[in-house]
Structure formats: structure tokens, C-alpha cells
Amino acid sequence: MPVGRMLPCAPFCVFWLLDGGTYYMKIDNVSYRSVWVDTDDGWSVHIFDQTRLPWSLDILRLTERDQVAHAIRTMQVRGAPLIGAVAAYGLALALRHDSSDEAMERDAALLAATRPTAVNLGWAIRRMLTRLRTTAVADRVAAAYDEAGRICDEDVIQNEAIGRQGLELIEDIAARRPGPVNIMTHCNAGWIATVDWGTALAPIYMAHDRGIDVHVWVDETRPRNQGASLTAWELGRHGVKHTVIADNAGGHLMQHGQVDMVIVGTDRVTRTGDVANKIGTYLKALAAHDNGVPFWVALPSTTIDWTINDGVKEIPIEERSGREVTHIQGRDDAGAVTAVQLVPDGSRAANPAFDVTPARLVTGLITERGRCPATADGLCDLFPEYV
Ligand SMILES: CSC[C@H]1O[C@H](OP(=O)(O)O)[C@H](O)[C@@H]1O
């Protein structure tokens, strides 16, 4: 695992300097993953506090199971693949206190229940348990760190492969006509939502790095504004041209020929190709369908739920606090980060955090093994071991 040192950086942030890190994403020439372990600091686990971005780049040092659970629930760490990876480390931290069978099963269940929709979370915990149940109690802590590290390494490899698969789609459009390739995305499925690279953004980063003229329409993604605060931050850091838009602007831009393709990430895909993603994705897919705009979904195979067929009926949709709708966080002109109330006192708010886009509206899936139609046959061709 990467090791390094903390460097205080006035006024708001600290940077973690990796010794010889080889990771793709760089901030001010420093390589990062979105989660790492410091073996020189008691094997503590480190993440970026995503609730503080884009105003400040703060690193959280996690040493206890409950800190990890809190980070996932409050979305200090978020993004389907990343919460799986961080939860895996959360189990390693928990086992340091008690690695008995009983404690391990209890801690695993607690971590797996921190958020309901992203299937990567349950997948990562099940994978940890599969290894740890056959590991001697005395060896479990070391095995848990090792397995969590493997989950992270595999996520990076998968996302890079997704990037290459999606890049071909962007290259095709770029080859057909001059001018920028205009790509719309919803929420944040970039490197900070995964261990590295991202899913929906990986092809965009690769296209940009190869000199293709890309421009990204970034949905703000109310109510948590992952697009406005995280995707715009990532793209800006990487020098990718982008424009933040109100969520409601997408259909209009598609009607006027200003969107060549949509690429989104996902939190869970059924074996039949239905796609759960951040609330509002379904409306974008409907608009894309009506306007003949290709609608692609990028995902690692860890996001496929092979146990269910009907996403609308079977995928649990997280209902979050109404305060995320009634209030909005931002930075005022004096530089203070603050939350302000948008609605009248007494108005109720509902906050379903995800929706399901039926497979019929999805042009195709971009996976680490290739692209396929959003159908059971399409997925089974790529992943025959799950048939
Ligand atoms: C590759 S991230 C997939 C997915 O995760 C996000 O959810 P959240 O911000 O609630 O953790 C979002 O739906 C992204 O598209």
C-alpha cells in the first residue's frame, strides 16, 4: 500500500505525499488514490472528506469501525465502488479489536447496512467474509488488510479498462466531424467515486489525455450537488473543458443538438440491464431516448447484482434526509462555507436518492470486459461465469 507523509498546507487543507506513487490522478503533481493505508501510522485508513469539496481538500484519518460507518452514512466517502473499498478497510479496523467469528459477522453486517442502494458495498463485505471465514482468527487482521488492498487494486485495473472501452466511443464521434465531443454526465462517477480513474469519467480523461477535444455538460445533481461540487472539481483539476448546468437543462440541450452522448455511472445494475443511479438519471435517459442521443452506463462488474431481474421493483432506493432538499450548502463571498434554507418553514421535503432507468432506455453498458447491450444476453456474453 502507498505510504507517505502529511504536509500541512494553509489555509484549509493537508496533502498526502505518496512516496513514488504511480496513481493516475494527480493534484498539484502529487499522486493520489481515493483511499489508502498508512502503515507508519498504525495502519490507519485515509480518505478525502467529500463533504468539504470543492472548498477544501481535507483528509480524514480513520482508525475505528464506527468512523468508517459514519463516513459512509454521511457521504464523507461516497461513490459505489469507493464505499465498498472503504467498508472493506472498515472491517479490517474492526477486527483489530476483536477478530472472533461473532464479532466479525456483527461488524460486517453493520458496515454492509450503512447505505442500501450501491451493491458494491455488500459485494465487498461478502468478499471479505469469504476469505476471512477460512482464515485463522490470529491471522485475520493481516488477511483483512490484504484483501481490502486487493479490492482496491482490482478496482483501479477495472476502471482503467472501462476507460479504454469508453474511449473508443468518444474516438468514433470525434472522427466523424470537427469540433468538440459534447458529453453529458450526471452525479459524480469520477476518480473520487472509485479508488482511481472513475467509471463514467475514465473514458473522458483518456480522451482528453489523447488530445481529443471533449467538453462535458455537468449536471449539478440536486440535492447533494455531486456534479457541481465534485465532477466539476475533478474535471477542472484535470484541465477538461466543462460547463455546469441545472439538472433541468439537459432535455433542452439534447433537443438542440448540443449533446453527442451521455455517460453515467451506476450504483446497481440488474442481470437484465436495469440501471440504478443518482436521482434524475431516469429523466436524462428519457430525454436522450426522445432525442436519439446515445445513453451509456459505465460500470465495473462489482456493480452488477446477478440476483435480481426487475430494477424498479427490486432495487432498494435510499431515502435520505429532507434537509438535503430544504437546505443547500455553499461558500459565501467572504469565503465561509455555510448552509442556507431554500423552502418556507414548515414545508415537507421528500428525498429519494436514486432512481432506476429501465434497460430499454440504455444504449449500452461499458464494463471492464467490453461493451454490451443492456440485456441479460449482453451481460451473460461478457460474464458467462454468472449464467
Ligand atoms: C462510480 S460512482 C456510482 C454512483 O455513486 C453515486 O452515489 P452517491 O453519491 O450517492 O454515493 C452516484 O449515484 C454515482 O453515479
# chains A, B, ... in the order shown; residues from 1 in each chain; ligands from 1
call {"tool": "residues_near_ligand", "arguments": {"ligand": "ligand 1", "cutoff": "8 Å", "atoms": "only C-alpha atoms and all ligand atoms", "output": "tab-separated table (two decimals) with N, CA and C atoms, in the first residue's frame"}}
result
chain	number	residue	atom	x	y	z
A	75	MET	N	-21.74	10.44	3.78
A	75	MET	CA	-21.19	10.70	2.46
A	75	MET	C	-19.91	11.52	2.49
A	77	VAL	N	-17.37	9.83	2.45
A	77	VAL	CA	-16.87	8.99	1.38
A	77	VAL	C	-18.09	8.46	0.64
A	78	ARG	N	-18.03	8.44	-0.69
A	78	ARG	CA	-19.22	8.07	-1.45
A	78	ARG	C	-18.78	7.56	-2.82
A	79	GLY	N	-19.78	7.15	-3.61
A	79	GLY	CA	-19.46	6.54	-4.90
A	79	GLY	C	-19.46	5.03	-4.71
A	80	ALA	N	-20.23	4.35	-5.53
A	80	ALA	CA	-20.47	2.92	-5.28
A	80	ALA	C	-19.18	2.10	-5.08
A	81	PRO	N	-18.22	2.16	-6.02
A	81	PRO	CA	-17.02	1.33	-5.80
A	81	PRO	C	-16.21	1.76	-4.58
A	82	LEU	N	-16.15	3.06	-4.33
A	82	LEU	CA	-15.31	3.51	-3.22
A	82	LEU	C	-15.89	3.13	-1.86
A	83	ILE	N	-17.21	3.20	-1.72
A	83	ILE	CA	-17.73	2.82	-0.40
A	83	ILE	C	-17.51	1.33	-0.13
A	118	ALA	N	-26.18	1.03	-3.36
A	118	ALA	CA	-24.99	0.58	-4.11
A	118	ALA	C	-24.66	-0.86	-3.74
A	186	HIS	N	-24.12	12.81	-15.19
A	186	HIS	CA	-24.98	13.11	-14.03
A	186	HIS	C	-24.30	12.58	-12.78
A	187	CYS	N	-24.36	13.35	-11.71
A	187	CYS	CA	-23.72	12.99	-10.44
A	187	CYS	C	-22.20	12.98	-10.61
A	188	ASN	N	-21.53	12.23	-9.77
A	188	ASN	CA	-20.07	12.10	-9.90
A	188	ASN	C	-19.70	10.64	-9.96
A	189	ALA	N	-19.12	10.26	-11.08
A	189	ALA	CA	-18.59	8.91	-11.24
A	189	ALA	C	-17.16	9.03	-11.73
A	190	GLY	N	-16.42	9.89	-11.05
A	190	GLY	CA	-15.03	10.12	-11.40
A	190	GLY	C	-14.10	9.42	-10.43
A	193	ALA	N	-15.00	8.88	-6.81
A	193	ALA	CA	-16.10	7.95	-6.51
A	193	ALA	C	-15.64	6.50	-6.57
A	194	THR	N	-14.39	6.31	-6.97
A	194	THR	CA	-13.81	4.96	-7.09
A	194	THR	C	-12.44	5.01	-6.39
A	198	GLY	N	-12.21	6.46	-11.94
A	198	GLY	CA	-13.65	6.66	-12.11
A	198	GLY	C	-14.21	5.68	-13.11
A	199	THR	N	-15.53	5.74	-13.26
A	199	THR	CA	-16.19	4.89	-14.26
A	199	THR	C	-16.63	5.76	-15.44
A	200	ALA	N	-17.66	6.59	-15.25
A	200	ALA	CA	-18.12	7.44	-16.36
A	200	ALA	C	-17.05	8.42	-16.82
A	224	ARG	N	-27.65	16.78	-3.53
A	224	ARG	CA	-26.33	16.83	-2.90
A	224	ARG	C	-25.29	17.52	-3.78
A	226	GLN	N	-23.46	16.57	-6.34
A	226	GLN	CA	-22.18	15.90	-6.62
A	226	GLN	C	-21.58	16.36	-7.95
A	264	VAL	N	-23.06	7.90	-17.79
A	264	VAL	CA	-23.25	8.00	-16.34
A	264	VAL	C	-22.65	6.77	-15.68
A	265	GLY	N	-22.44	6.88	-14.39
A	265	GLY	CA	-22.06	5.72	-13.58
A	265	GLY	C	-23.32	5.04	-13.07
A	266	THR	N	-23.16	4.15	-12.15
A	266	THR	CA	-24.32	3.45	-11.60
A	266	THR	C	-23.99	2.86	-10.24
A	267	ASP	N	-25.03	2.66	-9.46
A	267	ASP	CA	-24.89	2.05	-8.14
A	267	ASP	C	-25.29	0.59	-8.12
A	276	ALA	N	-29.73	1.42	-11.68
A	276	ALA	CA	-29.99	2.37	-10.58
A	276	ALA	C	-28.84	3.37	-10.55
A	277	ASN	N	-29.20	4.62	-10.51
A	277	ASN	CA	-28.17	5.67	-10.39
A	277	ASN	C	-28.80	6.86	-9.68
A	278	LYS	N	-28.00	7.87	-9.48
A	278	LYS	CA	-28.43	9.06	-8.75
A	278	LYS	C	-29.76	9.60	-9.28
A	279	ILE	N	-30.60	10.04	-8.37
A	279	ILE	CA	-31.92	10.55	-8.73
A	279	ILE	C	-31.79	11.58	-9.87
A	298	ALA	N	-21.46	3.31	-17.47
A	298	ALA	CA	-20.13	2.73	-17.24
A	298	ALA	C	-20.08	2.10	-15.85
A	299	LEU	N	-19.59	0.86	-15.79
A	299	LEU	CA	-19.61	0.15	-14.50
A	299	LEU	C	-18.58	-0.97	-14.45
A	353	ALA	N	-32.97	9.11	-3.11
A	353	ALA	CA	-31.62	9.45	-3.58
A	353	ALA	C	-31.26	8.81	-4.92
A	354	PHE	N	-32.02	7.84	-5.35
A	354	PHE	CA	-31.70	7.13	-6.60
A	354	PHE	C	-32.98	6.89	-7.39
call {"tool": "residues_around", "arguments": {"residues": "Leu129 in chain A", "least_positions_apart": "5", "cutoff": "9 Å", "atoms": "only C-alpha atoms", "output": "list in words"}}
result
Met104, Glu105, Ala108, Ala124, Thr134 and Ala144 of chain A
call {"tool": "atom_distance", "arguments": {"atom1": "CA of Ala148 in chain A", "atom2": "CA of Ala113 in chain A"}}
result
17.9 Å
call {"tool": "residues_around", "arguments": {"residues": "Asn351 in chain A", "least_positions_apart": "6", "cutoff": "10 Å", "atoms": "only C-alpha atoms", "output": "ChimeraX atom specification"}}
result
/A:223,279,318-326
call {"tool": "write_last_selection", "arguments": {"atoms": "C-alpha atoms", "output": "PDB file, in the first residue's frame"}}
result
ATOM      1  CA  PRO A 223     -29.909  17.729  -3.895  1.00  0.00           C
ATOM      2  CA  ILE A 279     -31.915  10.547  -8.734  1.00  0.00           C
ATOM      3  CA  GLU A 318     -32.218   5.072  -0.277  1.00  0.00           C
ATOM      4  CA  GLU A 319     -34.427   7.771   1.227  1.00  0.00           C
ATOM      5  CA  ARG A 320     -32.225  10.471   2.702  1.00  0.00           C
ATOM      6  CA  SER A 321     -32.958  13.383   4.985  1.00  0.00           C
ATOM      7  CA  GLY A 322     -35.314  16.062   3.701  1.00  0.00           C
ATOM      8  CA  ARG A 323     -32.802  18.603   4.918  1.00  0.00           C
ATOM      9  CA  GLU A 324     -30.700  17.815   1.842  1.00  0.00           C
ATOM     10  CA  VAL A 325     -33.592  19.254  -0.199  1.00  0.00           C
ATOM     11  CA  THR A 326     -34.655  22.116   2.047  1.00  0.00           C
TER      12      THR A 326
END
call {"tool": "select_by_dssp", "arguments": {"residues": "range 21-186 of chain A", "states": "strand (DSSP E or B)", "output": "NGL selection string"}}
result
:A and (26-27 or 30-31 or 35-38 or 44-48 or 59-62 or 181-185)
call {"tool": "residues_around", "arguments": {"residues": "Asp107 in chain A", "least_positions_apart": "5", "cutoff": "9 Å", "atoms": "only C-alpha atoms", "output": "ChimeraX atom specification"}}
result
/A:65,90-91,94-95,102,112
call {"tool": "write_last_selection", "arguments": {"atoms": "N, CA and C atoms", "output": "CSV table (one decimal), in the first residue's frame"}}
result
chain,number,residue,atom,x,y,z
A,65,ARG,N,-14.0,1.2,13.3
A,65,ARG,CA,-15.2,0.8,12.5
A,65,ARG,C,-16.2,1.9,12.5
A,90,GLY,N,-12.8,-0.9,6.7
A,90,GLY,CA,-13.5,-0.7,8.0
A,90,GLY,C,-13.6,-2.0,8.7
A,91,LEU,N,-13.8,-3.1,8.0
A,91,LEU,CA,-13.8,-4.4,8.6
A,91,LEU,C,-12.4,-4.8,9.2
A,94,ALA,N,-12.1,-3.0,12.4
A,94,ALA,CA,-12.9,-3.6,13.4
A,94,ALA,C,-12.2,-4.8,14.0
A,95,LEU,N,-11.6,-5.6,13.1
A,95,LEU,CA,-11.0,-6.9,13.5
A,95,LEU,C,-9.8,-6.7,14.5
A,102,GLU,N,-17.9,-14.2,16.0
A,102,GLU,CA,-19.1,-13.5,16.3
A,102,GLU,C,-18.9,-12.0,16.0
A,112,ALA,N,-22.1,-3.3,6.2
A,112,ALA,CA,-22.9,-3.6,4.9
A,112,ALA,C,-24.2,-2.8,4.9
call {"tool": "residues_around", "arguments": {"residues": "Ile157 in chain A", "least_positions_apart": "3", "cutoff": "12 Å", "atoms": "only C-alpha atoms", "output": "list in words"}}
result
Tyr23, Tyr24, Arg150, Ile151, Cys152, Asp153, Glu154, Glu160, Ala161, Ile162, Gly163, Arg164, Thr194, Val195, Asp196, Trp197, Gly198, Thr199, Ala202, Pro300, Ser301, Thr367, Glu368 and Arg369 of chain A
call {"tool": "select_by_dssp", "arguments": {"residues": "range 265-321 of chain A", "states": "alpha helix (DSSP H)", "output": "JSON, numbers by chain"}}
result
{"A": [281, 282, 283, 284, 285, 286, 287, 288, 289, 290, 291, 311, 312, 313, 314]}
call {"tool": "closest_residue", "arguments": {"among": "A:Ala207, A:Val356, A:Ala71, A:Ala287", "to": "Ala249 in chain A", "atoms": "only C-alpha atoms"}}
result
A:Ala287
call {"tool": "closest_residue", "arguments": {"among": "A:Thr39, A:Asn225, A:Thr272, A:Ser99", "to": "Gly330 in chain A", "atoms": "only C-alpha atoms"}}
result
A:Asn225
call {"tool": "closest_atom_pairs", "arguments": {"of": "range 214-296 of chain A", "to": "range 43-62 of chain A", "cutoff": "9 Å", "atoms": "only C-alpha atoms", "output": "tab-separated table"}}
result
residue	atom	partner	partner_atom	distance
A:Ala228	CA	A:Pro54	CA	8.9
A:Ser229	CA	A:Pro54	CA	5.4
A:Leu230	CA	A:Pro54	CA	6.5
A:Ala232	CA	A:Pro54	CA	8.7
A:Trp233	CA	A:Pro54	CA	6.1
call {"tool": "residues_around", "arguments": {"residues": "Gly364 in chain A", "least_positions_apart": "3", "cutoff": "10 Å", "atoms": "only C-alpha atoms", "output": "PyMOL selection string"}}
result
chain A and resi 263+273+294-298+359-361+367+371-375+378
